[in-house]
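J.: Handing you a structure now.
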Amino acid sequence: MSRPRPRNDEAGIVAVPSTAPTAPTVSAAPEAATPGPSARALAPLYAAGFTTAFGAHSIAAGLGAESGGIGLGLLTFGVLLALYDVAEVILKPVFGSLSDRIGAKPVIVAGLAGFALASLVGTLGTAPLVIGIARLGQGAAASAFSPASSAAVARLAGPAAAGSHFGKYGSWKGLGYVLGPLLGAGLIWAGGFPALFLSMAVISAAAAVWVAIAMPRLPVLPRRRYTVADLLRQSTERSFLVPTLSLAAATGALGVAVGFLPLLGSSLHLPLIASMAVVAVLALASTLIQPLAGRLRDTGRITSSAGMALGLAMVAAGIALLAAVPVPATLYVAAVAIGCGIGIATPLGFAHLASTTPAERMGRTMGSAEIGREMGDAGGPLIVGAIATAASLAAGLWTLALLVAGAALLAGILLRRGSGDVAD
């Protein structure tokens, strides 16, 4: 599904709403001539992405490394990992649509403030119930500011530069993945999980203030009414389903890796910092490759279908290596392969969604796409945890590797050339 190029005010360059009652017209100027958004406009959005990654994955990695110390079985561990994403699966489309109606900025600010409040709940103790309530509250808050931030990046960047800017956005989230496990290990060592949750409250509150001050208010665009048939058609198009499937597979693998890599390290008698550093290696690989993958897409040197298929194949290979040879050296090799694969597939999936969605319903599309993404993030740990409980951890990892490999095959086959992506 192709879309016309938005005007500069739709791209967030000039934050003055149009009074015209009709839909925007297509400009004759080429996409490459559209000036890019300022760093000041995008920086608070990068901070929001960093916040959710740092908060969610430092806690998840800490749970994996400290599961024995706080009395978690494999199934309980998988449930605690999944709670964050269960809330997001339910609420992201709601808040994505809300951001289309009232604007992205107020939704992002309110979500970050809610994340800070939920994090304060986690300072009350280390019982699984307390951690579960805090994780559920953080997931509900992230379901507000995450799709709104993605929609804002898409509108600020425009379709021709969507890959580059989503690469940078994902890179900052990757930085949160890198620092989260490492700083999380230090905070848990110094003050346990309450200290880690307190740091989350401070970081998210600071990000909320920054967004409120620095992010431009994007104009709310006129929207047409959609019938149920329209919504069904939009949600079953290949340009939506294929990148959503790729995001789900990549995020499911990430959710498993963040929790189970430290768990594997702990079972191999690695120190706490070494166990959590495996996740940091994965995140660093993803952080470094995402901007490159985005630029290659924008310059037409890689297509969305080929890039997503390649990235998911690398993820599947890394997971299979963990299942086949669980030794300390392969933990780090697998982490690099999984991180690079996620770093390739993720920005290309988001960029394809951004380039094939009209700006006036960008929030709803991003929120709906993240249903699949968060179902992967919730389902991955649950599948691996349940199979590990019934059989073995290796069996759970082999199952996930096969599922991700299947998603790679579908991404390479089903996403047709000319489906609206500038590189396709």
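Convention: chains lettered A, B, ... in structure tokens order; per-chain residue numbering from 1; ligands numbered from 1 as shown.
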Leaving out A:Leu292 and any residue of its chain fewer than 2 positions from it, which residues lie within 12 Å of it when counting only C-alpha atoms, given as a count of residues only?

T.: 29

J.: Quick one: residues within 12 Å of A:Gly55, only C-alpha atoms, excluding same-chain residues fewer than 3 positions away - as JSON, numbers by chain?

T.: {"A": [47, 48, 49, 50, 51, 52, 58, 59, 60, 61, 62, 84, 112, 115, 116, 118, 119, 122, 134, 135, 138, 139, 141, 142, 173, 175, 176, 177, 178, 179, 180, 181, 183, 184, 193, 196, 197, 198, 199, 200, 201, 202, 203, 204]}

J.: For A:Phe95, which residue out of A:Ile387, A:Met362, A:Val336, A:Leu268 is the nearest one, using only C-alpha atoms?

T.: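 With only C-alpha atoms as the atom set, the closest residue is A:Met362.
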
J.: Extract, using only C-alpha atoms, all DNA, RNA and protein residues at most 12 Å from A:Val107, discarding same-chain residues fewer than 5 positions from it, and format them as a ChimeraX atom specification.

T.: /A:48,92,94-102,112-114,141-152,208,211-212,217-218,363

J.: Which of these residues is nearest to A:Ala280, using only C-alpha atoms: A:Gly300, A:Pro243, A:Gly379, A:Gly259?

T.: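 Selected residue with least distance to A:Ala280: A:Gly259.
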
J.: May I have all residues of stretch 181-342 of chain A that DSSP, computed from the backbone, assigns to alpha helix (DSSP H), given as a VMD selection string?

T.: chain A and resid 181 to 214 228 to 235 238 to 267 272 to 298 304 to 324 328 to 342

J.: From the set A:Ala334, A:Ala329, A:Ile213, A:Ala250, which residue has the shortest atom-to-atom contact distance to A:Leu400, counting only C-alpha atoms?

T.: A:Ala250

J.: A:His352, A:Ala386, A:Ile338, A:Ser246: which is nearest A:Leu403, counting only C-alpha atoms?

T.: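 Among A:His352, A:Ala386, A:Ile338, A:Ser246, it is A:Ser246 that comes nearest to A:Leu403.
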
J.: Go ahead and compute the interatomic distance for atom CA of A:Ala160 and atom CA of A:Gly349, in Å to one decimal.

T.: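 Atom-to-atom, atom CA of A:Ala160 and atom CA of A:Gly349 are spaced 14.2 Å apart.
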
J.: Using only C-alpha atoms, find the one residue out of A:Gly380, A:Gly339, A:Gly385, A:Gly265 that sits nearest to A:Val327.

T.: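 For A:Val327, the nearest of the candidates is A:Gly265.
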
J.: Taking only C-alpha atoms into account, name the residue in A:Leu312, A:Val89, A:Leu382, A:Ala41 that is nearest to A:Leu245.

T.: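 Of the candidates, the smallest distance to A:Leu245 is held by A:Leu312.
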